[in-house]
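Since the structure comes first, as structure tokens, the remarks are kept for the end.
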2 protein chains.
Amino acid sequence: MRQGLTAASARRVARPTPLRQAVSDALAELIISGTLEPGQHLVEADLAEQLGVSRQPVREALQRLHTDGWVDLRPAQGAFVHVPTQEEATQLLGVRTVLETYSAQLAAQHAKPEHIERLWQLQQEGMDALAESATHRLVAANTALHTYITSVGGNDVLAELITQVGRKVRWYYTPIANSRSKGSWNEHARLIEAIAKGDPERAGEIMRKHTERTRTYRKAIEAEAASA
Amino acid sequence: MRQGLTAASARRVARPTPLRQAVSDALAELIISGTLEPGQHLVEADLAEQLGVSRQPVREALQRLHTDGWVDLRPAQGAFVHVPTQEEATQLLGVRTVLETYSAQLAAQHAKPEHIERLWQLQQEGMDALAESATHRLVAANTALHTYITSVGGNDVLAELITQVGRKVRWYYTPIANSRSKGSWNEHARLIEAIAKGDPERAGEIMRKHTERTRTYRKAIEAEAASA
DNA sequence: ATACAAGCTCCTGCATACAGAATCCCAAAC
DNA sequence: GTTTGGGATTCTGTATGCAGGAGCTTGTAT
């Protein structure tokens, strides 16, 4: 059997998932959910015991979380949950905006009819969740839509970056992320229309304003919180 | 002494640099320089012996290099130097363009007279290197200029991303990176002028075209190589 | 009472040890 | 000659051990 394999059959069989990845995911989840609070000292031995593994995989997971920006590693002192600053949040939103804008432009350039169809499906899913006020579903639908737009663009490097940045943004803005849902999904509709027309200029511009709006919202919320 | 410390005195004293970082840097250097070839299997024990450390720091370094995209980690098989594809290179250039464009816009918005002065200094350094045909200095000057522009923009998150993406781009295009130097530094001059005028639109546009040109160049070089 | 110093405890960073999986090699069968 | 099976080898993944350093506590002096 020296002949080549098709792409489908060449897909590798399930490999034993390294423990470090499971640990890394678990810790990331704990950080995002707030169980592990910003600034908290992460003691390797404790985490290892809680997760039922040795210190080794925990260390490797912490390394990964460090390069991803979730934890800070102080030499000879260990790992601490990263403390997000307001400045950092603002910068992150700016970066996300340019990345998502580019993503929308690429999508508009590469979209095919079947992609457009799928986009409208995801849009509908979001509208349904909105009607039911199902917050969790709404957030999921929002993520799914944005992710799909990026995948239509076909730039994997970009997709990877957006995923990372997106996770951080969600961490910073868990509470306010969904409050402006209605308007957000109107914008989504217009965005899909632009992509369907193959109009990168317009698609990019809509996405830019769409993501910029998070920043405006943040300011409003903060002002409100300050005066309350 | 409970009083607050000044920013200067608060700077932490020299801490023992973790071995893993030294190893990580060393390996990255070996990969960029081509000593370790794409696709090559990196055996932990061998690396450890060569670098005079145990497997542990090597493993942690490989973790980091993995999340930074320099090596691929196949479960139960270990680390392999990442094999860059043409597709990936193209995608990377696209991402770099949007990031650098944003960087230029921010710089134009935030630049102060002393920044402009420094920019012209760096520009001069590049011109000098160009005149002497000092390739290494030229590349260094180019990096320094771009890096400084980003720092003027003041977005650390962006800076971090650009650094990562930039290193990869340099890896992919080591041979051709400097071939179009002359025109490149003319563009730099116009870019600085735009930043000095505080014109984000124009600065962004110049940077966009500036980085886009790498892509054009690549195509030309490849066509040439193919016909030769 | 406050500042300071010595000792202790805890934790990290690195090294080593061990078990399981993957690959490779070689011999035997078709 | 090609293929197949088994065994040895090699390497990863995980666990454990140990030395050094950081921070805390307690006791002491001012």
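Numbering starts fresh at 1 for the residues of each chain in the structure tokens, the chains themselves are lettered A, B, ... in the order given, and ligands are numbered from 1 as they appear.
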
What residues in chain C lie within 9 Å of chain A, counting only C-alpha atoms (C1' of nucleotides), written as an MDAnalysis selection string?
chainID C and resid 11:13

Take the residues from that selection and write them out as a tab-separated table (two decimals), in the first residue's frame, keeping N, CA, C and O atoms (P, O5', C5', C4', C3', O3' and C1' of nucleotides).
chain	number	residue	atom	x	y	z
C	11	DC	P	3.39	26.45	50.30
C	11	DC	O5'	4.29	26.85	49.06
C	11	DC	C5'	4.60	28.21	48.84
C	11	DC	C4'	5.72	28.31	47.83
C	11	DC	C3'	5.53	27.40	46.63
C	11	DC	O3'	5.42	28.18	45.46
C	11	DC	C1'	7.74	27.25	47.51
C	12	DT	P	5.13	27.42	44.04
C	12	DT	O5'	6.44	27.73	43.19
C	12	DT	C5'	6.96	29.06	43.21
C	12	DT	C4'	8.45	29.03	42.94
C	12	DT	C3'	8.83	28.49	41.55
C	12	DT	O3'	9.69	29.41	40.93
C	12	DT	C1'	10.05	27.36	43.26
C	13	DG	P	9.87	29.35	39.31
C	13	DG	O5'	11.21	28.50	39.14
C	13	DG	C5'	12.43	29.05	39.60
C	13	DG	C4'	13.51	27.99	39.54
C	13	DG	C3'	13.64	27.27	38.20
C	13	DG	O3'	15.00	27.32	37.77
C	13	DG	C1'	13.49	25.70	39.96

Set out as CSV a contact list for chain B and chain A with a cut-off of 7 Å, giving each residue of chain B that qualifies its closest atom pair and distance in Å to one decimal, counting only C-alpha atoms, ordered by chain and rising residue number.
residue,atom,partner,partner_atom,distance
B:Arg15,CA,A:Pro75,CA,6.8
B:Pro18,CA,A:Pro75,CA,6.6
B:Glu60,CA,A:Glu60,CA,6.2
B:Gln63,CA,A:Arg64,CA,6.5
B:Arg64,CA,A:Arg64,CA,6.3
B:Thr67,CA,A:Arg64,CA,6.6
B:Pro75,CA,A:Pro18,CA,6.5
B:Gln91,CA,A:Asn155,CA,5.6
B:Leu92,CA,A:Val157,CA,6.3
B:Val95,CA,A:Leu158,CA,6.3
B:Val98,CA,A:Val98,CA,6.7
B:Asn155,CA,A:Gln91,CA,5.6
B:Val157,CA,A:Gln91,CA,6.2
B:Leu158,CA,A:Val95,CA,6.3

Output as a ChimeraX atom specification all residues of stretch 27-111 of chain A that backbone DSSP marks as alpha helix (DSSP H).
/A:27-33,44-51,55-67,86-110

Can I get the selected residues back with N, CA and C atoms, as a short mmCIF file (atom, residue, chain, number, x, y, z; two decimals), in the first residue's frame?
data_model
loop_
_atom_site.label_atom_id
_atom_site.label_comp_id
_atom_site.auth_asym_id
_atom_site.auth_seq_id
_atom_site.Cartn_x
_atom_site.Cartn_y
_atom_site.Cartn_z
N LEU A 27 -7.36 25.29 34.04
CA LEU A 27 -6.94 26.50 34.74
C LEU A 27 -7.47 27.75 34.05
N ALA A 28 -7.39 27.76 32.72
CA ALA A 28 -7.92 28.90 31.96
C ALA A 28 -9.39 29.11 32.30
N GLU A 29 -10.12 28.01 32.37
CA GLU A 29 -11.54 28.10 32.68
C GLU A 29 -11.74 28.69 34.08
N LEU A 30 -10.92 28.23 35.01
CA LEU A 30 -11.02 28.72 36.38
C LEU A 30 -10.70 30.22 36.46
N ILE A 31 -9.78 30.65 35.62
CA ILE A 31 -9.42 32.07 35.62
C ILE A 31 -10.54 32.89 35.01
N ILE A 32 -11.03 32.45 33.85
CA ILE A 32 -12.08 33.20 33.16
C ILE A 32 -13.33 33.27 34.02
N SER A 33 -13.64 32.17 34.66
CA SER A 33 -14.86 32.14 35.46
C SER A 33 -14.72 32.94 36.75
N GLU A 44 1.90 25.65 42.85
CA GLU A 44 1.89 24.46 42.02
C GLU A 44 1.38 23.22 42.75
N ALA A 45 1.89 23.02 43.94
CA ALA A 45 1.53 21.81 44.68
C ALA A 45 0.02 21.76 44.95
N ASP A 46 -0.54 22.92 45.28
CA ASP A 46 -1.97 22.96 45.57
C ASP A 46 -2.79 22.61 44.32
N LEU A 47 -2.44 23.27 43.23
CA LEU A 47 -3.16 23.01 41.98
C LEU A 47 -3.04 21.54 41.60
N ALA A 48 -1.83 21.01 41.75
CA ALA A 48 -1.60 19.62 41.40
C ALA A 48 -2.51 18.69 42.20
N GLU A 49 -2.59 18.97 43.48
CA GLU A 49 -3.42 18.11 44.33
C GLU A 49 -4.90 18.24 43.95
N GLN A 50 -5.34 19.47 43.77
CA GLN A 50 -6.74 19.70 43.41
C GLN A 50 -7.12 19.01 42.12
N LEU A 51 -6.20 19.01 41.16
CA LEU A 51 -6.51 18.42 39.86
C LEU A 51 -6.13 16.95 39.79
N ARG A 55 3.08 17.82 40.01
CA ARG A 55 3.44 19.21 39.74
C ARG A 55 3.89 19.43 38.30
N GLN A 56 4.44 18.42 37.71
CA GLN A 56 5.02 18.57 36.39
C GLN A 56 4.05 19.09 35.33
N PRO A 57 2.93 18.42 35.10
CA PRO A 57 1.99 18.94 34.11
C PRO A 57 1.47 20.32 34.48
N VAL A 58 1.35 20.56 35.77
CA VAL A 58 0.89 21.88 36.21
C VAL A 58 1.88 22.95 35.79
N ARG A 59 3.14 22.66 35.97
CA ARG A 59 4.18 23.61 35.57
C ARG A 59 4.11 23.92 34.09
N GLU A 60 3.95 22.87 33.30
CA GLU A 60 3.92 23.07 31.86
C GLU A 60 2.68 23.86 31.46
N ALA A 61 1.58 23.59 32.13
CA ALA A 61 0.36 24.35 31.85
C ALA A 61 0.56 25.82 32.19
N LEU A 62 1.22 26.08 33.30
CA LEU A 62 1.46 27.46 33.71
C LEU A 62 2.35 28.18 32.69
N GLN A 63 3.30 27.44 32.14
CA GLN A 63 4.14 28.03 31.09
C GLN A 63 3.28 28.51 29.94
N ARG A 64 2.39 27.65 29.53
CA ARG A 64 1.54 27.99 28.40
C ARG A 64 0.65 29.18 28.74
N LEU A 65 0.05 29.14 29.90
CA LEU A 65 -0.83 30.24 30.31
C LEU A 65 -0.06 31.54 30.40
N HIS A 66 1.22 31.41 30.69
CA HIS A 66 2.05 32.62 30.77
C HIS A 66 2.22 33.25 29.39
N THR A 67 2.62 32.45 28.41
CA THR A 67 2.83 33.01 27.08
C THR A 67 1.51 33.50 26.48
N GLN A 86 -7.01 48.78 33.27
CA GLN A 86 -7.93 49.48 32.39
C GLN A 86 -7.23 49.79 31.06
N GLU A 87 -5.98 50.27 31.20
CA GLU A 87 -5.18 50.61 30.03
C GLU A 87 -5.08 49.43 29.08
N GLU A 88 -4.77 48.29 29.67
CA GLU A 88 -4.61 47.08 28.89
C GLU A 88 -5.90 46.72 28.16
N ALA A 89 -6.99 46.86 28.84
CA ALA A 89 -8.29 46.53 28.25
C ALA A 89 -8.54 47.40 27.03
N THR A 90 -8.27 48.68 27.17
CA THR A 90 -8.47 49.61 26.06
C THR A 90 -7.61 49.20 24.86
N GLN A 91 -6.36 48.89 25.14
CA GLN A 91 -5.44 48.50 24.07
C GLN A 91 -5.92 47.24 23.38
N LEU A 92 -6.42 46.32 24.19
CA LEU A 92 -6.89 45.06 23.66
C LEU A 92 -8.07 45.27 22.70
N LEU A 93 -8.96 46.15 23.09
CA LEU A 93 -10.11 46.42 22.24
C LEU A 93 -9.67 47.03 20.92
N GLY A 94 -8.68 47.90 20.97
CA GLY A 94 -8.17 48.51 19.75
C GLY A 94 -7.62 47.47 18.81
N VAL A 95 -6.84 46.57 19.34
CA VAL A 95 -6.26 45.50 18.52
C VAL A 95 -7.34 44.61 17.95
N ARG A 96 -8.30 44.28 18.80
CA ARG A 96 -9.38 43.42 18.32
C ARG A 96 -10.11 44.07 17.15
N THR A 97 -10.31 45.36 17.27
CA THR A 97 -11.02 46.06 16.20
C THR A 97 -10.31 45.92 14.86
N VAL A 98 -9.01 46.17 14.84
CA VAL A 98 -8.33 46.08 13.54
C VAL A 98 -8.29 44.65 13.02
N LEU A 99 -8.15 43.69 13.94
CA LEU A 99 -8.14 42.30 13.50
C LEU A 99 -9.50 41.88 12.94
N GLU A 100 -10.55 42.24 13.64
CA GLU A 100 -11.89 41.86 13.20
C GLU A 100 -12.26 42.58 11.90
N THR A 101 -11.80 43.81 11.79
CA THR A 101 -12.07 44.57 10.56
C THR A 101 -11.45 43.85 9.37
N TYR A 102 -10.21 43.44 9.56
CA TYR A 102 -9.51 42.72 8.50
C TYR A 102 -10.24 41.42 8.20
N SER A 103 -10.66 40.77 9.25
CA SER A 103 -11.39 39.51 9.10
C SER A 103 -12.63 39.70 8.24
N ALA A 104 -13.37 40.77 8.50
CA ALA A 104 -14.60 41.04 7.74
C ALA A 104 -14.28 41.32 6.28
N GLN A 105 -13.20 42.04 6.05
CA GLN A 105 -12.80 42.35 4.68
C GLN A 105 -12.48 41.06 3.92
N LEU A 106 -11.71 40.20 4.56
CA LEU A 106 -11.35 38.93 3.92
C LEU A 106 -12.59 38.10 3.63
N ALA A 107 -13.50 38.09 4.60
CA ALA A 107 -14.73 37.31 4.43
C ALA A 107 -15.50 37.81 3.21
N ALA A 108 -15.59 39.12 3.08
CA ALA A 108 -16.32 39.70 1.96
C ALA A 108 -15.66 39.32 0.63
N GLN A 109 -14.36 39.16 0.67
CA GLN A 109 -13.65 38.82 -0.57
C GLN A 109 -13.79 37.35 -0.94
N HIS A 110 -13.94 36.50 0.06
CA HIS A 110 -13.90 35.07 -0.22
C HIS A 110 -15.23 34.34 -0.07
#

Using only C-alpha atoms (C1' of nucleotides), find each residue of chain D with at least one atom at most 9 Å away from an atom of chain B; report its shortest atom-to-atom pair and that distance in Å (one decimal), sort the rows by chain and rising residue number, and return the result as JSON lines.
{"residue": "D:DC11", "atom": "C1'", "partner": "B:Gln77", "partner_atom": "CA", "distance": 7.5}
{"residue": "D:DT12", "atom": "C1'", "partner": "B:Ala76", "partner_atom": "CA", "distance": 5.3}
{"residue": "D:DG13", "atom": "C1'", "partner": "B:Ala76", "partner_atom": "CA", "distance": 7.3}

Considering only C-alpha atoms (C1' of nucleotides), return as a PyMOL selection string whatever protein or nucleic-acid residues lie within 8 Å of A:Leu122, sequence-local ones (same chain, fewer than 4 positions apart) excluded.
chain A and resi 118+126+141+144-145

Go ahead and save the residues from that selection, with N, CA and C atoms, as a JSON list (two decimals), in the first residue's frame.
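And here's selection_29.json as it stands now:
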[["chain", "number", "residue", "atom", "x", "y", "z"],
["A", 118, "ARG", "N", -24.93, 29.92, 5.63],
["A", 118, "ARG", "CA", -24.56, 29.55, 7.00],
["A", 118, "ARG", "C", -24.55, 30.77, 7.91],
["A", 126, "GLY", "N", -28.83, 33.63, 16.71],
["A", 126, "GLY", "CA", -28.64, 34.74, 17.63],
["A", 126, "GLY", "C", -29.95, 35.46, 17.92],
["A", 141, "ALA", "N", -23.71, 32.27, 20.46],
["A", 141, "ALA", "CA", -24.07, 32.58, 19.08],
["A", 141, "ALA", "C", -23.21, 33.71, 18.53],
["A", 144, "ALA", "N", -19.86, 32.32, 17.82],
["A", 144, "ALA", "CA", -19.93, 31.44, 16.65],
["A", 144, "ALA", "C", -19.97, 32.25, 15.37],
["A", 145, "LEU", "N", -20.74, 33.30, 15.36],
["A", 145, "LEU", "CA", -20.85, 34.13, 14.17],
["A", 145, "LEU", "C", -19.52, 34.77, 13.81]]

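In the backbone-derived DSSP annotation, strand (DSSP E) within stretch 10-211 of chain A comprises A:His41, A:Leu42, A:Val71, A:Asp72, A:Leu73, A:Arg74, A:Gly78, A:Ala79, A:Phe80, A:Val81.
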
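Residues in contact with C:DC10 at 10 Å, where only C-alpha atoms (C1' of nucleotides) are counted and same-chain residues fewer than 5 positions away are skipped, are listed as DA22, DG23 and DC24 of chain D.
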
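The shortest atom-to-atom distance to D:DT16, with only C-alpha atoms (C1' of nucleotides) taken into account, belongs to A:Ser54 out of A:Gly204, A:Val71, A:Glu37, A:Ser54.
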
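The environment of D:DG17 within 10 Å, counting only C-alpha atoms (C1' of nucleotides) and disregarding residues fewer than 5 places along the same chain, consists of DA15, DT16 and DA17 of chain C.
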
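Here atom CA of A:Glu205 stands at a distance of 14.6 Å from atom CA of A:Ile149.
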
Can you pull out every residue within 10 Å of A:Ile206, counting only C-alpha atoms (C1' of nucleotides), but drop anything in the same chain fewer than 6 positions away, and send it as an MDAnalysis selection string?
chainID A and resid 101 104:105 187:188 190:192 194 200 212

Written selection (all heavy atoms) as a short mmCIF file (atom, residue, chain, number, x, y, z; two decimals), in the first residue's frame:
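Saved file part.cif follows:
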data_model
loop_
_atom_site.label_atom_id
_atom_site.label_comp_id
_atom_site.auth_asym_id
_atom_site.auth_seq_id
_atom_site.Cartn_x
_atom_site.Cartn_y
_atom_site.Cartn_z
N THR A 101 -11.80 43.81 11.79
CA THR A 101 -12.07 44.57 10.56
C THR A 101 -11.45 43.85 9.37
O THR A 101 -12.09 43.64 8.33
CB THR A 101 -11.48 45.99 10.67
OG1 THR A 101 -12.10 46.66 11.76
CG2 THR A 101 -11.72 46.77 9.38
N ALA A 104 -13.37 40.77 8.50
CA ALA A 104 -14.60 41.04 7.74
C ALA A 104 -14.28 41.32 6.28
O ALA A 104 -14.97 40.85 5.38
CB ALA A 104 -15.34 42.22 8.36
N GLN A 105 -13.20 42.04 6.05
CA GLN A 105 -12.80 42.35 4.68
C GLN A 105 -12.48 41.06 3.92
O GLN A 105 -12.92 40.86 2.78
CB GLN A 105 -11.59 43.28 4.68
CG GLN A 105 -11.92 44.68 5.16
CD GLN A 105 -10.67 45.51 5.40
OE1 GLN A 105 -9.55 44.99 5.38
NE2 GLN A 105 -10.86 46.81 5.65
N GLU A 187 -26.52 45.11 13.71
CA GLU A 187 -25.27 45.35 13.00
C GLU A 187 -24.77 44.09 12.31
O GLU A 187 -24.26 44.14 11.19
CB GLU A 187 -24.21 45.87 13.99
CG GLU A 187 -24.49 47.27 14.48
CD GLU A 187 -23.74 47.61 15.77
OE1 GLU A 187 -22.74 46.93 16.06
OE2 GLU A 187 -24.17 48.54 16.47
N HIS A 188 -24.94 42.97 12.98
CA HIS A 188 -24.55 41.70 12.37
C HIS A 188 -25.24 41.50 11.02
O HIS A 188 -24.64 41.09 10.04
CB HIS A 188 -24.90 40.53 13.30
CG HIS A 188 -23.94 40.36 14.44
ND1 HIS A 188 -24.19 39.57 15.52
CD2 HIS A 188 -22.72 40.88 14.66
CE1 HIS A 188 -23.18 39.61 16.36
NE2 HIS A 188 -22.27 40.41 15.86
N ARG A 190 -26.47 43.69 8.96
CA ARG A 190 -25.94 44.57 7.92
C ARG A 190 -24.56 44.08 7.48
O ARG A 190 -24.20 44.20 6.30
CB ARG A 190 -25.86 46.01 8.44
CG ARG A 190 -27.25 46.64 8.61
CD ARG A 190 -27.13 48.13 8.80
NE ARG A 190 -26.39 48.44 10.02
CZ ARG A 190 -25.45 49.35 10.10
NH1 ARG A 190 -25.09 50.05 9.04
NH2 ARG A 190 -24.84 49.58 11.25
N LEU A 191 -23.83 43.53 8.44
CA LEU A 191 -22.50 43.02 8.13
C LEU A 191 -22.58 41.86 7.15
O LEU A 191 -21.86 41.80 6.14
CB LEU A 191 -21.82 42.56 9.42
CG LEU A 191 -20.45 41.88 9.30
CD1 LEU A 191 -19.45 42.80 8.63
CD2 LEU A 191 -19.93 41.46 10.67
N ILE A 192 -23.50 40.94 7.41
CA ILE A 192 -23.65 39.79 6.52
C ILE A 192 -24.06 40.24 5.12
O ILE A 192 -23.58 39.72 4.12
CB ILE A 192 -24.70 38.80 7.10
CG1 ILE A 192 -24.21 38.24 8.45
CG2 ILE A 192 -24.96 37.67 6.13
CD1 ILE A 192 -25.20 37.34 9.14
N ALA A 194 -23.28 42.97 3.65
CA ALA A 194 -22.09 43.50 2.98
C ALA A 194 -21.18 42.38 2.50
O ALA A 194 -20.63 42.42 1.39
CB ALA A 194 -21.33 44.44 3.91
N PRO A 200 -15.81 44.43 0.53
CA PRO A 200 -14.87 44.44 1.66
C PRO A 200 -14.85 45.79 2.37
O PRO A 200 -14.81 45.83 3.61
CB PRO A 200 -13.51 44.18 1.00
CG PRO A 200 -13.82 43.60 -0.33
CD PRO A 200 -15.12 44.18 -0.74
N GLU A 212 -15.85 48.81 17.71
CA GLU A 212 -15.54 50.07 18.39
C GLU A 212 -16.59 50.36 19.45
O GLU A 212 -16.31 50.94 20.49
CB GLU A 212 -15.51 51.23 17.38
CG GLU A 212 -14.20 51.39 16.64
CD GLU A 212 -13.09 51.93 17.52
OE1 GLU A 212 -13.40 52.37 18.65
OE2 GLU A 212 -11.92 51.88 17.11
#
